[in-house]
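Below is query-v4.cif, which holds mmCIF, C-alpha atoms and all ligand atoms.
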data_work
loop_
_atom_site.label_atom_id
_atom_site.label_comp_id
_atom_site.auth_asym_id
_atom_site.auth_seq_id
_atom_site.Cartn_x
_atom_site.Cartn_y
_atom_site.Cartn_z
CA MET I 1 -19.78 16.40 12.41
CA GLY I 2 -18.12 13.01 12.69
CA LYS I 3 -15.68 11.88 10.08
CA MET I 4 -16.87 9.67 7.26
CA VAL I 5 -15.26 6.26 7.14
CA GLU I 6 -14.18 5.74 3.54
CA LEU I 7 -12.64 2.30 3.83
CA LYS I 8 -12.90 -0.37 6.45
CA VAL I 9 -11.05 -3.65 6.37
CA VAL I 10 -12.02 -6.42 8.77
CA ASP I 11 -9.80 -9.41 9.54
CA LEU I 12 -8.52 -9.57 5.98
CA LYS I 13 -6.47 -12.61 5.00
CA LYS I 14 -4.67 -13.78 1.91
CA TYR I 15 -2.87 -17.11 1.78
CA PHE I 16 -1.07 -18.10 -1.41
CA PRO I 17 -0.44 -21.78 -2.16
CA VAL I 18 3.27 -22.43 -2.45
CA GLN I 19 4.46 -23.61 -5.84
CA LYS I 20 6.46 -26.77 -5.45
CA GLY I 21 8.81 -28.62 -7.74
CA PHE I 22 7.67 -31.80 -9.47
CA LEU I 23 9.32 -34.26 -7.09
CA GLU I 24 8.14 -32.42 -4.04
CA ARG I 25 4.60 -32.61 -5.36
CA VAL I 26 4.95 -36.35 -5.94
CA PHE I 27 6.28 -37.06 -2.48
CA SER I 28 4.21 -34.70 -0.40
CA ARG I 29 0.47 -34.36 -0.52
CA LYS I 30 0.42 -31.46 1.87
CA ILE I 31 -0.20 -28.07 0.30
CA GLU I 32 1.67 -25.27 2.02
CA TYR I 33 0.60 -21.65 2.11
CA VAL I 34 2.33 -18.30 2.34
CA GLN I 35 0.37 -16.29 4.88
CA ALA I 36 0.92 -13.03 3.00
CA VAL I 37 -1.81 -11.17 4.90
CA ASN I 38 -2.98 -12.74 8.13
CA GLY I 39 -6.03 -11.03 9.57
CA ILE I 40 -5.59 -7.28 9.39
CA SER I 41 -8.22 -4.68 10.33
CA PHE I 42 -8.23 -0.91 9.97
CA GLU I 43 -10.36 2.08 9.00
CA ILE I 44 -9.56 5.16 6.96
CA ASN I 45 -11.53 8.37 7.08
CA ARG I 46 -12.38 10.26 3.94
CA GLY I 47 -9.68 12.71 2.94
CA GLU I 48 -7.00 11.15 5.12
CA VAL I 49 -3.77 9.34 4.35
CA PHE I 50 -3.13 5.94 5.87
CA GLY I 51 0.53 4.95 5.68
CA LEU I 52 1.13 1.22 5.56
CA VAL I 53 4.71 0.58 6.62
CA GLY I 54 6.86 -2.53 6.91
CA GLU I 55 9.84 -4.44 5.60
CA SER I 56 9.96 -6.20 2.24
CA GLY I 57 7.64 -9.20 2.06
CA CYS I 58 5.43 -8.25 5.00
CA GLY I 59 2.32 -8.13 2.80
CA LYS I 60 1.89 -4.46 1.87
CA THR I 61 1.37 -4.98 -1.87
CA THR I 62 -0.92 -7.94 -1.25
CA THR I 63 -3.04 -5.74 1.05
CA GLY I 64 -3.23 -3.07 -1.68
CA ARG I 65 -4.19 -5.59 -4.33
CA LEU I 66 -6.90 -7.03 -2.08
CA ILE I 67 -8.40 -3.59 -1.49
CA VAL I 68 -8.60 -2.73 -5.18
CA ARG I 69 -10.07 -6.19 -5.78
CA LEU I 70 -7.31 -7.43 -8.05
CA ILE I 71 -7.13 -10.59 -5.97
CA GLU I 72 -9.69 -12.41 -3.84
CA PRO I 73 -9.23 -12.59 -0.07
CA THR I 74 -8.94 -15.95 1.66
CA ASP I 75 -11.05 -14.49 4.44
CA GLY I 76 -12.27 -11.18 5.82
CA ARG I 77 -14.32 -8.24 4.60
CA ILE I 78 -13.75 -4.95 2.78
CA PHE I 79 -16.22 -2.09 3.19
CA PHE I 80 -16.15 1.00 0.97
CA LYS I 81 -18.36 3.87 2.17
CA GLY I 82 -20.15 1.42 4.41
CA GLU I 83 -20.94 -1.05 1.65
CA ASP I 84 -19.52 -4.56 1.72
CA VAL I 85 -17.58 -4.76 -1.54
CA THR I 86 -15.68 -7.98 -0.80
CA PHE I 87 -17.58 -10.05 -3.31
CA LEU I 88 -18.86 -7.48 -5.80
CA GLN I 89 -19.01 -8.80 -9.35
CA GLY I 90 -19.99 -7.64 -12.82
CA GLU I 91 -21.25 -4.13 -13.35
CA LYS I 92 -21.00 -3.25 -9.64
CA LEU I 93 -17.35 -4.27 -9.57
CA ARG I 94 -16.72 -2.15 -12.67
CA GLU I 95 -18.27 0.83 -10.92
CA LEU I 96 -16.07 0.21 -7.86
CA ARG I 97 -12.98 0.01 -10.06
CA LYS I 98 -13.62 3.55 -11.23
CA LYS I 99 -13.59 4.81 -7.66
CA ILE I 100 -10.64 2.88 -6.30
CA GLN I 101 -7.37 3.14 -8.19
CA ILE I 102 -3.90 1.76 -7.61
CA ILE I 103 -0.53 3.24 -8.45
CA PHE I 104 1.67 0.20 -8.99
CA GLN I 105 4.95 -0.32 -7.22
CA ASN I 106 7.18 -0.25 -10.30
CA PRO I 107 6.59 2.46 -12.92
CA TYR I 108 9.04 0.71 -15.24
CA ALA I 109 7.14 -2.56 -15.30
CA SER I 110 3.63 -1.11 -15.22
CA LEU I 111 3.87 0.94 -18.42
CA ASN I 112 3.51 -0.87 -21.75
CA PRO I 113 6.69 0.08 -23.69
CA ARG I 114 4.82 0.15 -27.00
CA MET I 115 2.02 2.39 -25.82
CA LYS I 116 2.39 6.15 -26.11
CA ILE I 117 1.98 8.09 -22.88
CA GLY I 118 -1.26 9.69 -24.09
CA GLU I 119 -2.77 6.30 -24.87
CA ALA I 120 -1.65 4.83 -21.56
CA VAL I 121 -3.14 7.65 -19.50
CA GLY I 122 -6.33 7.71 -21.61
CA HIS I 123 -6.79 3.95 -21.51
CA PRO I 124 -8.94 3.88 -18.34
CA LEU I 125 -11.27 6.49 -19.89
CA GLU I 126 -11.83 4.15 -22.80
CA ILE I 127 -12.22 0.98 -20.75
CA HIS I 128 -14.83 2.64 -18.56
CA ARG I 129 -16.44 4.33 -21.57
CA VAL I 130 -16.07 7.73 -19.96
CA ALA I 131 -14.63 9.55 -22.97
CA MET I 132 -13.36 8.79 -26.48
CA GLY I 133 -11.65 10.64 -29.31
CA GLU I 134 -11.07 14.36 -28.97
CA ARG I 135 -12.74 14.60 -25.59
CA LYS I 136 -10.51 11.87 -24.23
CA LYS I 137 -7.44 13.63 -25.61
CA LYS I 138 -8.48 16.88 -23.97
CA LEU I 139 -8.90 15.21 -20.58
CA VAL I 140 -5.56 13.46 -20.92
CA LEU I 141 -3.74 16.68 -21.85
CA GLU I 142 -5.28 18.43 -18.85
CA MET I 143 -4.18 15.61 -16.58
CA LEU I 144 -0.63 15.55 -17.97
CA GLU I 145 -0.40 19.26 -17.27
CA LYS I 146 -1.73 18.79 -13.78
CA VAL I 147 0.94 16.24 -12.90
CA GLY I 148 3.65 18.52 -14.27
CA LEU I 149 4.34 16.84 -17.62
CA GLU I 150 4.62 19.94 -19.76
CA PRO I 151 4.32 20.71 -22.59
CA ALA I 152 1.54 18.14 -22.40
CA GLU I 153 1.33 17.78 -26.21
CA LYS I 154 4.93 16.60 -26.31
CA PHE I 155 4.46 14.03 -23.55
CA TYR I 156 1.19 12.83 -25.11
CA ASP I 157 3.08 11.41 -28.09
CA ALA I 158 6.16 10.20 -26.22
CA TYR I 159 7.00 6.57 -25.45
CA PRO I 160 7.91 5.40 -21.93
CA PHE I 161 11.60 4.88 -22.85
CA GLU I 162 11.91 8.59 -23.60
CA LEU I 163 10.97 9.48 -20.02
CA SER I 164 12.99 9.65 -16.83
CA GLY I 165 12.00 7.69 -13.74
CA GLY I 166 10.38 10.73 -12.16
CA GLN I 167 8.40 11.46 -15.32
CA ARG I 168 7.21 7.85 -15.51
CA GLN I 169 6.04 8.10 -11.96
CA ARG I 170 4.05 11.20 -12.90
CA VAL I 171 2.50 9.20 -15.75
CA ALA I 172 1.54 6.43 -13.32
CA ILE I 173 -0.09 9.05 -11.08
CA ALA I 174 -1.90 10.64 -14.04
CA ARG I 175 -3.26 7.26 -15.09
CA ALA I 176 -4.56 6.55 -11.60
CA MET I 177 -6.17 10.00 -11.31
CA ILE I 178 -7.78 10.30 -14.75
CA LEU I 179 -11.07 8.68 -13.65
CA ASN I 180 -11.44 11.01 -10.66
CA PRO I 181 -11.14 8.21 -8.12
CA GLU I 182 -12.08 8.59 -4.46
CA LEU I 183 -9.61 6.18 -2.94
CA VAL I 184 -6.07 5.67 -4.24
CA VAL I 185 -3.73 2.91 -3.17
CA ALA I 186 -0.22 4.20 -3.85
CA ASP I 187 2.26 1.32 -3.67
CA GLU I 188 5.77 2.67 -2.97
CA PRO I 189 5.21 5.47 -5.49
CA ILE I 190 8.57 7.09 -4.89
CA SER I 191 10.88 4.20 -4.11
CA MET I 192 12.12 3.84 -7.70
CA ILE I 193 12.94 7.49 -8.30
CA ASP I 194 15.83 9.76 -7.44
CA VAL I 195 15.92 11.02 -3.88
CA SER I 196 16.07 14.58 -5.19
CA LEU I 197 12.69 14.17 -6.93
CA ARG I 198 10.86 12.41 -4.15
CA ALA I 199 9.64 15.45 -2.25
CA LYS I 200 8.24 16.92 -5.48
CA ILE I 201 6.20 13.80 -6.20
CA LEU I 202 4.90 13.68 -2.62
CA GLU I 203 3.89 17.33 -2.85
CA LEU I 204 2.10 16.61 -6.12
CA MET I 205 0.21 13.74 -4.52
CA LEU I 206 -0.82 15.87 -1.55
CA MET I 207 -1.93 18.65 -3.88
CA LEU I 208 -4.11 16.24 -5.91
CA LYS I 209 -5.52 14.81 -2.68
CA ASP I 210 -6.51 18.19 -1.27
CA GLU I 211 -8.03 19.27 -4.56
CA SER I 212 -10.55 16.41 -4.63
CA ASN I 213 -10.67 15.34 -0.98
CA LEU I 214 -9.11 12.01 -1.92
CA THR I 215 -8.28 9.22 0.48
CA TYR I 216 -4.90 7.52 0.20
CA ILE I 217 -3.43 4.28 1.32
CA PHE I 218 0.22 5.06 1.02
CA ILE I 219 2.45 1.99 1.04
CA THR I 220 6.09 2.47 1.93
CA HIS I 221 8.96 0.70 3.67
CA ASP I 222 10.28 4.09 4.71
CA LEU I 223 8.97 5.55 7.98
CA ALA I 224 10.40 8.96 7.14
CA VAL I 225 8.25 9.07 4.01
CA ALA I 226 5.24 7.86 5.97
CA LYS I 227 5.86 10.61 8.52
CA TYR I 228 5.78 13.23 5.83
CA ILE I 229 2.61 12.14 4.06
CA SER I 230 0.40 10.22 6.50
CA ASP I 231 -2.27 11.10 9.04
CA TRP I 232 -2.41 7.53 10.32
CA ILE I 233 0.22 4.84 10.27
CA GLY I 234 -0.11 1.07 10.40
CA ILE I 235 3.03 -0.96 11.03
CA MET I 236 3.00 -4.38 9.37
CA TYR I 237 5.12 -7.35 10.28
CA LEU I 238 4.84 -10.75 8.57
CA GLY I 239 1.29 -10.24 7.35
CA GLU I 240 -0.04 -8.63 10.53
CA ILE I 241 -0.52 -5.11 11.83
CA VAL I 242 1.48 -4.82 15.05
CA GLU I 243 0.84 -1.14 15.75
CA ILE I 244 -1.59 1.41 14.43
CA GLY I 245 -2.31 4.99 15.35
CA ARG I 246 -2.09 8.66 14.55
CA LYS I 247 1.24 9.55 13.03
CA GLU I 248 2.16 11.78 15.96
CA GLN I 249 1.63 8.96 18.43
CA ILE I 250 3.61 6.44 16.44
CA PHE I 251 6.55 8.83 16.40
CA SER I 252 6.33 10.26 19.90
CA SER I 253 5.42 7.08 21.78
CA PRO I 254 6.02 3.99 19.67
CA GLY I 255 4.73 0.98 21.59
CA HIS I 256 5.92 -2.05 19.66
CA PRO I 257 9.59 -3.08 19.77
CA TYR I 258 9.43 -3.53 16.00
CA THR I 259 8.20 0.04 15.49
CA ARG I 260 10.98 1.27 17.77
CA ALA I 261 13.52 -0.66 15.74
CA LEU I 262 12.21 0.84 12.50
CA LEU I 263 12.32 4.31 14.04
CA SER I 264 15.92 3.79 15.13
CA ALA I 265 16.82 3.00 11.55
CA ILE I 266 15.89 6.55 10.50
CA PRO I 267 19.10 8.57 10.59
CA VAL I 268 18.84 11.52 12.99
CA PRO I 269 21.52 13.93 14.17
CA ASP I 270 20.59 13.31 17.80
CA PRO I 271 23.15 11.44 19.92
CA ALA I 272 20.70 11.16 22.83
CA ARG I 273 18.38 9.11 20.70
CA ALA I 274 21.16 7.14 19.05
CA LYS I 275 21.99 5.74 22.50
CA LYS I 276 18.50 4.38 22.89
CA ASN I 277 18.65 2.73 19.48
CA VAL I 278 17.02 -0.63 19.19
CA GLN I 279 18.71 -2.85 16.67
CA LEU I 280 16.77 -5.30 14.54
CA ARG I 281 18.48 -8.64 14.68
CA GLY I 282 18.21 -11.47 12.21
CA GLU I 283 16.26 -11.69 9.00
CA VAL I 284 12.54 -11.60 8.41
CA PRO I 285 11.36 -15.19 8.96
CA SER I 286 9.34 -17.03 6.34
CA SER I 287 5.59 -16.47 6.22
CA ILE I 288 5.14 -20.09 5.19
CA ASN I 289 5.98 -21.35 8.67
CA PRO I 290 5.70 -18.16 10.71
CA PRO I 291 6.97 -18.15 14.32
CA SER I 292 4.48 -19.22 16.97
CA GLY I 293 2.97 -16.75 19.41
CA CYS I 294 4.10 -13.24 18.57
CA ARG I 295 5.55 -13.41 15.05
CA PHE I 296 8.22 -10.91 16.03
CA HIS I 297 9.53 -12.83 19.07
CA PRO I 298 12.64 -14.41 17.45
CA ARG I 299 13.93 -10.92 16.63
CA CYS I 300 12.73 -9.14 19.74
CA ASN I 301 15.13 -8.03 22.47
CA PHE I 302 12.37 -8.12 25.07
CA ALA I 303 10.78 -11.48 24.26
CA MET I 304 9.36 -13.29 27.29
CA GLU I 305 8.17 -16.86 27.63
CA LYS I 306 4.58 -16.11 26.74
CA CYS I 307 5.63 -14.29 23.53
CA ARG I 308 6.65 -17.69 22.19
CA THR I 309 3.27 -19.26 22.75
CA LEU I 310 0.57 -16.60 22.93
CA LYS I 311 -0.26 -14.31 20.03
CA PRO I 312 -0.75 -10.72 21.28
CA THR I 313 -3.80 -8.85 20.00
CA LEU I 314 -4.03 -5.12 19.30
CA LYS I 315 -4.73 -3.27 22.56
CA LEU I 316 -5.58 0.35 23.12
CA VAL I 317 -2.61 2.13 24.70
CA GLY I 318 -3.62 5.75 24.12
CA LYS I 319 -6.17 7.73 22.16
CA ASP I 320 -6.60 6.04 18.77
CA HIS I 321 -3.38 4.12 19.34
CA TYR I 322 -3.19 0.33 19.36
CA VAL I 323 -0.26 -2.01 19.93
CA ALA I 324 -0.04 -5.80 19.71
CA CYS I 325 2.62 -6.65 22.30
CA HIS I 326 2.62 -8.46 25.67
CA LEU I 327 4.91 -5.87 27.25
N1 LIG I 401 1.03 -14.15 -6.24
C1 LIG I 401 1.74 -14.64 -5.22
N2 LIG I 401 1.93 -15.99 -5.09
C2 LIG I 401 2.62 -16.49 -4.06
N3 LIG I 401 3.18 -15.76 -3.08
C3 LIG I 401 3.03 -14.42 -3.15
C4 LIG I 401 2.31 -13.79 -4.22
N4 LIG I 401 2.34 -12.45 -4.02
C5 LIG I 401 3.02 -12.25 -2.89
N5 LIG I 401 3.44 -13.42 -2.36
C6 LIG I 401 4.20 -13.60 -1.10
O1 LIG I 401 3.48 -12.95 -0.08
C7 LIG I 401 4.34 -12.27 0.82
C8 LIG I 401 4.00 -10.80 0.86
O2 LIG I 401 4.32 -10.21 -0.39
P1 LIG I 401 4.02 -8.69 -0.74
O3 LIG I 401 4.43 -8.46 -2.14
O4 LIG I 401 2.64 -8.35 -0.37
O5 LIG I 401 5.02 -7.93 0.24
P2 LIG I 401 5.45 -6.39 0.28
O6 LIG I 401 5.32 -5.96 1.71
O7 LIG I 401 4.73 -5.63 -0.75
O8 LIG I 401 7.02 -6.47 -0.08
P3 LIG I 401 7.93 -5.39 -0.86
O9 LIG I 401 8.26 -4.32 0.13
O10 LIG I 401 9.13 -6.19 -1.26
O11 LIG I 401 7.16 -4.89 -2.03
C9 LIG I 401 5.76 -12.57 0.33
O12 LIG I 401 6.24 -13.66 1.05
C10 LIG I 401 5.55 -12.92 -1.12
O13 LIG I 401 6.56 -13.78 -1.58
MG MG I 402 5.31 -4.52 -2.37
#
Show me, as structure tokens, the structure contained in the file I just sent.
Ligand SMILES: Nc1ncnc2c1ncn2[C@@H]1O[C@H](COP(=O)(O)OP(=O)(O)OP(=O)(O)O)[C@@H](O)[C@H]1O
Ligand SMILES: [Mg+2]
Amino acid sequence: MGKMVELKVVDLKKYFPVQKGFLERVFSRKIEYVQAVNGISFEINRGEVFGLVGESGCGKTTTGRLIVRLIEPTDGRIFFKGEDVTFLQGEKLRELRKKIQIIFQNPYASLNPRMKIGEAVGHPLEIHRVAMGERKKKLVLEMLEKVGLEPAEKFYDAYPFELSGGQRQRVAIARAMILNPELVVADEPISMIDVSLRAKILELMLMLKDESNLTYIFITHDLAVAKYISDWIGIMYLGEIVEIGRKEQIFSSPGHPYTRALLSAIPVPDPARAKKNVQLRGEVPSSINPPSGCRFHPRCNFAMEKCRTLKPTLKLVGKDHYVACHL
């Protein structure tokens, strides 16, 4: 049997108008835009993990927020289980919001400091009128236990400030999982916690995924983390996907110079590979006036004339493996 496509994103774009100072607004009529997401497309099968990887500011969080319908796309389409959900409104959007959850990037900022943990985790149950009162409490206690916050009764009545970073992250996971979602966008869920706890949280997420055949979009700037958790990996650069494929292919035969540079940045005790290291030069350019042609060309060691003028599209280079590069 073929795999079920859970999520499909087609040519998705999000441009944000740039806030200008008063004088600038007076003297210039032109509105400028940040091209946060500039036409990305991908598919995720049910039960699989899609790792979205890239440097800070490349548009990962914006992509996640678009998919959970927290913000409206400038262009493009989002399909969930084959249904176009790009413009869902009202009751249908509420139904979708039960099925697609997001774990926010910063567990410190995303928890209300005055709300007890039990209330925070149970909140979605109330909003979606799934359970109230004692029944709600029972579901919350079960979920706290499941994510390893034990004794659950104690954590139920605790406030966020009483918890460690790792525990807060478990709360954020519990809150995303309490409605039994089908798709979870996890935005850098381990970047704010101690290195020593990271593997535990990843294991927990994989356990929860296998239990309910969940689908994950796992956002990270860390390819090593993506390697651990993903089935598929998409490499983002300045709002665009420059390479996409099965994890094994991305690691064994990276096609894009940017992917190779990111891979070189992972420390490995292998002098043979260290020699082949590709260094990333310069800073990430602005996505307000992105470079012409291939957006990576000013930082690329292999840039040719046409890279400056012609934008490369994703091309098949191997089974299920696409690269956007003229080389
Ligand atoms: N609400 C907004 N208004 C204006 N610009 C925004 C907004 N949200 C994001 N941006 C801009 O869009 C671009 C992409 O931001 P985004 O947060 O999606 O990146 P990211 O890949 O998640 O970065 P990080 O790894 O730092 O979390 C950045 O240039 C950012 O400044
Ligand atoms: Mg982000």
Using all atoms listed in the file, find each residue of chain I with at least one atom at most 7 Å away from an atom of ligand MG 402 (chain I); report its shortest atom-to-atom pair and that distance in Å (one decimal), sort the rows by chain and rising residue number, and return the result as JSON lines.
{"residue": "I:Ser56", "atom": "CA", "partner": "I:MG402", "partner_atom": "MG", "distance": 6.8}
{"residue": "I:Gly57", "atom": "CA", "partner": "I:MG402", "partner_atom": "MG", "distance": 6.9}
{"residue": "I:Gly59", "atom": "CA", "partner": "I:MG402", "partner_atom": "MG", "distance": 7.0}
{"residue": "I:Lys60", "atom": "CA", "partner": "I:MG402", "partner_atom": "MG", "distance": 5.4}
{"residue": "I:Thr61", "atom": "CA", "partner": "I:MG402", "partner_atom": "MG", "distance": 4.0}
{"residue": "I:Gln105", "atom": "CA", "partner": "I:MG402", "partner_atom": "MG", "distance": 6.4}
{"residue": "I:Asp187", "atom": "CA", "partner": "I:MG402", "partner_atom": "MG", "distance": 6.7}
Interatomic distance (Å, one decimal) between CA of Ile103 in chain I and CA of Gln167 in chain I: 13.9 Å
Residues of chain I that approach ligand LIG 401 (chain I) to 9 Å or less, counting all atoms listed in the file: could you list each one with the shortest pair of atoms and its distance in Å to one decimal, rows by chain and increasing residue number, as CSV?
residue,atom,partner,partner_atom,distance
I:Lys14,CA,I:LIG401,O1,8.4
I:Tyr15,CA,I:LIG401,O1,7.8
I:Phe16,CA,I:LIG401,C2,4.8
I:Pro17,CA,I:LIG401,C2,6.4
I:Val18,CA,I:LIG401,C2,6.2
I:Gln19,CA,I:LIG401,C2,7.6
I:Tyr33,CA,I:LIG401,N3,8.3
I:Val34,CA,I:LIG401,O1,6.0
I:Gln35,CA,I:LIG401,O1,6.7
I:Ala36,CA,I:LIG401,O1,4.0
I:Val37,CA,I:LIG401,C8,7.1
I:Val53,CA,I:LIG401,O6,8.2
I:Gly54,CA,I:LIG401,O6,6.4
I:Glu55,CA,I:LIG401,O9,5.7
I:Ser56,CA,I:LIG401,O9,3.3
I:Gly57,CA,I:LIG401,O5,3.4
I:Cys58,CA,I:LIG401,O6,4.0
I:Gly59,CA,I:LIG401,O4,3.2
I:Lys60,CA,I:LIG401,O6,3.7
I:Thr61,CA,I:LIG401,O7,3.6
I:Thr62,CA,I:LIG401,O4,3.7
I:Thr63,CA,I:LIG401,O4,6.4
I:Gly64,CA,I:LIG401,O4,8.0
I:Arg65,CA,I:LIG401,O4,8.4
I:Ile71,CA,I:LIG401,N1,8.9
I:Gln105,CA,I:LIG401,O11,7.3
I:Asp187,CA,I:LIG401,O7,7.9
I:Glu188,CA,I:LIG401,O11,7.7
I:Ile219,CA,I:LIG401,O7,8.2
I:Thr220,CA,I:LIG401,O9,7.4
I:His221,CA,I:LIG401,O9,6.2
I:Met236,CA,I:LIG401,O6,8.2
I:Tyr237,CA,I:LIG401,O6,8.7
I:Leu238,CA,I:LIG401,C8,7.8
I:Gly239,CA,I:LIG401,C8,7.1
I:Ser286,CA,I:LIG401,O12,7.0
I:Ser287,CA,I:LIG401,O12,5.9
I:Ile288,CA,I:LIG401,O12,7.7
Next, write the just-selected residues to a file, as a PDB file, in the coordinates of the input, keeping C-alpha atoms as the atom set.
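Output contents, as saved in result_29.pdb:
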ATOM      1  CA  LYS I  14      -4.670 -13.780   1.910  1.00  0.00           C
ATOM      2  CA  TYR I  15      -2.870 -17.110   1.780  1.00  0.00           C
ATOM      3  CA  PHE I  16      -1.070 -18.100  -1.410  1.00  0.00           C
ATOM      4  CA  PRO I  17      -0.440 -21.780  -2.160  1.00  0.00           C
ATOM      5  CA  VAL I  18       3.270 -22.430  -2.450  1.00  0.00           C
ATOM      6  CA  GLN I  19       4.460 -23.610  -5.840  1.00  0.00           C
ATOM      7  CA  TYR I  33       0.600 -21.650   2.110  1.00  0.00           C
ATOM      8  CA  VAL I  34       2.330 -18.300   2.340  1.00  0.00           C
ATOM      9  CA  GLN I  35       0.370 -16.290   4.880  1.00  0.00           C
ATOM     10  CA  ALA I  36       0.920 -13.030   3.000  1.00  0.00           C
ATOM     11  CA  VAL I  37      -1.810 -11.170   4.900  1.00  0.00           C
ATOM     12  CA  VAL I  53       4.710   0.580   6.620  1.00  0.00           C
ATOM     13  CA  GLY I  54       6.860  -2.530   6.910  1.00  0.00           C
ATOM     14  CA  GLU I  55       9.840  -4.440   5.600  1.00  0.00           C
ATOM     15  CA  SER I  56       9.960  -6.200   2.240  1.00  0.00           C
ATOM     16  CA  GLY I  57       7.640  -9.200   2.060  1.00  0.00           C
ATOM     17  CA  CYS I  58       5.430  -8.250   5.000  1.00  0.00           C
ATOM     18  CA  GLY I  59       2.320  -8.130   2.800  1.00  0.00           C
ATOM     19  CA  LYS I  60       1.890  -4.460   1.870  1.00  0.00           C
ATOM     20  CA  THR I  61       1.370  -4.980  -1.870  1.00  0.00           C
ATOM     21  CA  THR I  62      -0.920  -7.940  -1.250  1.00  0.00           C
ATOM     22  CA  THR I  63      -3.040  -5.740   1.050  1.00  0.00           C
ATOM     23  CA  GLY I  64      -3.230  -3.070  -1.680  1.00  0.00           C
ATOM     24  CA  ARG I  65      -4.190  -5.590  -4.330  1.00  0.00           C
ATOM     25  CA  ILE I  71      -7.130 -10.590  -5.970  1.00  0.00           C
ATOM     26  CA  GLN I 105       4.950  -0.320  -7.220  1.00  0.00           C
ATOM     27  CA  ASP I 187       2.260   1.320  -3.670  1.00  0.00           C
ATOM     28  CA  GLU I 188       5.770   2.670  -2.970  1.00  0.00           C
ATOM     29  CA  ILE I 219       2.450   1.990   1.040  1.00  0.00           C
ATOM     30  CA  THR I 220       6.090   2.470   1.930  1.00  0.00           C
ATOM     31  CA  HIS I 221       8.960   0.700   3.670  1.00  0.00           C
ATOM     32  CA  MET I 236       3.000  -4.380   9.370  1.00  0.00           C
ATOM     33  CA  TYR I 237       5.120  -7.350  10.280  1.00  0.00           C
ATOM     34  CA  LEU I 238       4.840 -10.750   8.570  1.00  0.00           C
ATOM     35  CA  GLY I 239       1.290 -10.240   7.350  1.00  0.00           C
ATOM     36  CA  SER I 286       9.340 -17.030   6.340  1.00  0.00           C
ATOM     37  CA  SER I 287       5.590 -16.470   6.220  1.00  0.00           C
ATOM     38  CA  ILE I 288       5.140 -20.090   5.190  1.00  0.00           C
TER      39      ILE I 288
END
Shell of 12 Å around Gly148 in chain I, all atoms listed in the file, local chain residues under 6 positions omitted, as a list in words: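 Contacts, with the query itself left out: Leu141, Glu142, Phe155, Gly166, Gln167, Arg168, Gln169, Arg170, Val171, Ile173, Ala174, Lys200, Ile201, Glu203, Leu204, Met205, Met207 and Leu208 of chain I.
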For CA of Leu7 in chain I and CA of Thr74 in chain I, the interatomic separation in Å (one decimal): 18.7 Å
Selected residue of minimal separation from Gln89 in chain I among I:His123, I:Arg299, I:Arg69, I:Arg129, counting only C-alpha atoms: I:Arg69
Between CA of Ala186 in chain I and CA of Pro254 in chain I, distance in Å (one decimal):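 Distance between the two atoms: 24.3 Å.
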Non-local contacts of Lys138 in chain I (12 Å; only C-alpha atoms; under 3 positions in same chain excluded) as an mmCIF file with C-alpha atoms, in the frame of the given file:
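Output below, filename around-v4.cif:
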data_model
loop_
_atom_site.group_PDB
_atom_site.id
_atom_site.type_symbol
_atom_site.label_atom_id
_atom_site.label_comp_id
_atom_site.auth_asym_id
_atom_site.auth_seq_id
_atom_site.Cartn_x
_atom_site.Cartn_y
_atom_site.Cartn_z
ATOM 1 C CA GLY I 118 -1.260 9.690 -24.090
ATOM 2 C CA VAL I 121 -3.140 7.650 -19.500
ATOM 3 C CA GLY I 122 -6.330 7.710 -21.610
ATOM 4 C CA LEU I 125 -11.270 6.490 -19.890
ATOM 5 C CA ALA I 131 -14.630 9.550 -22.970
ATOM 6 C CA MET I 132 -13.360 8.790 -26.480
ATOM 7 C CA GLY I 133 -11.650 10.640 -29.310
ATOM 8 C CA GLU I 134 -11.070 14.360 -28.970
ATOM 9 C CA ARG I 135 -12.740 14.600 -25.590
ATOM 10 C CA LEU I 141 -3.740 16.680 -21.850
ATOM 11 C CA GLU I 142 -5.280 18.430 -18.850
ATOM 12 C CA MET I 143 -4.180 15.610 -16.580
ATOM 13 C CA LEU I 144 -0.630 15.550 -17.970
ATOM 14 C CA GLU I 145 -0.400 19.260 -17.270
ATOM 15 C CA ALA I 152 1.540 18.140 -22.400
ATOM 16 C CA GLU I 153 1.330 17.780 -26.210
ATOM 17 C CA TYR I 156 1.190 12.830 -25.110
ATOM 18 C CA ILE I 178 -7.780 10.300 -14.750
#
Find the residues near Cys294 in chain I: any atom within 7 Å, counting all atoms listed in the file, skip ones fewer than 2 places away on the same chain, and give them as a compact mmCIF listing (two decimals) with C-alpha atoms, in the coordinates of the input.
# COMPACT_ATOMS: atom_id res chain seq x y z
CA SER I 292 4.48 -19.22 16.97
CA PHE I 296 8.22 -10.91 16.03
CA HIS I 297 9.53 -12.83 19.07
CA CYS I 307 5.63 -14.29 23.53
CA ARG I 308 6.65 -17.69 22.19
CA LEU I 310 0.57 -16.60 22.93
CA LYS I 311 -0.26 -14.31 20.03
CA PRO I 312 -0.75 -10.72 21.28
Top pick for closest residue to Ile235 in chain I, considering I:Ser191, I:Asp84, I:Tyr216, I:Arg260 and counting all atoms listed in the file: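 That would be I:Arg260, the residue with the smallest distance to Ile235 in chain I.
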Distance criterion (all atoms listed in the file): nearest to Pro113 in chain I out of I:Pro160, I:Gly90, I:Pro298, I:Gly318: I:Pro160
Nearest residue to Pro107 in chain I from the set I:Ile190, I:Ile266, I:Val130, I:Val68 (distances using all atoms listed in the file):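 Nearest candidate to Pro107 in chain I out of I:Ile190, I:Ile266, I:Val130, I:Val68: I:Ile190.
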Residue nearest Arg77 in chain I - candidates I:Leu12, I:Ile100, I:Val26, I:Ile127, atoms counted: all atoms listed in the file: I:Leu12
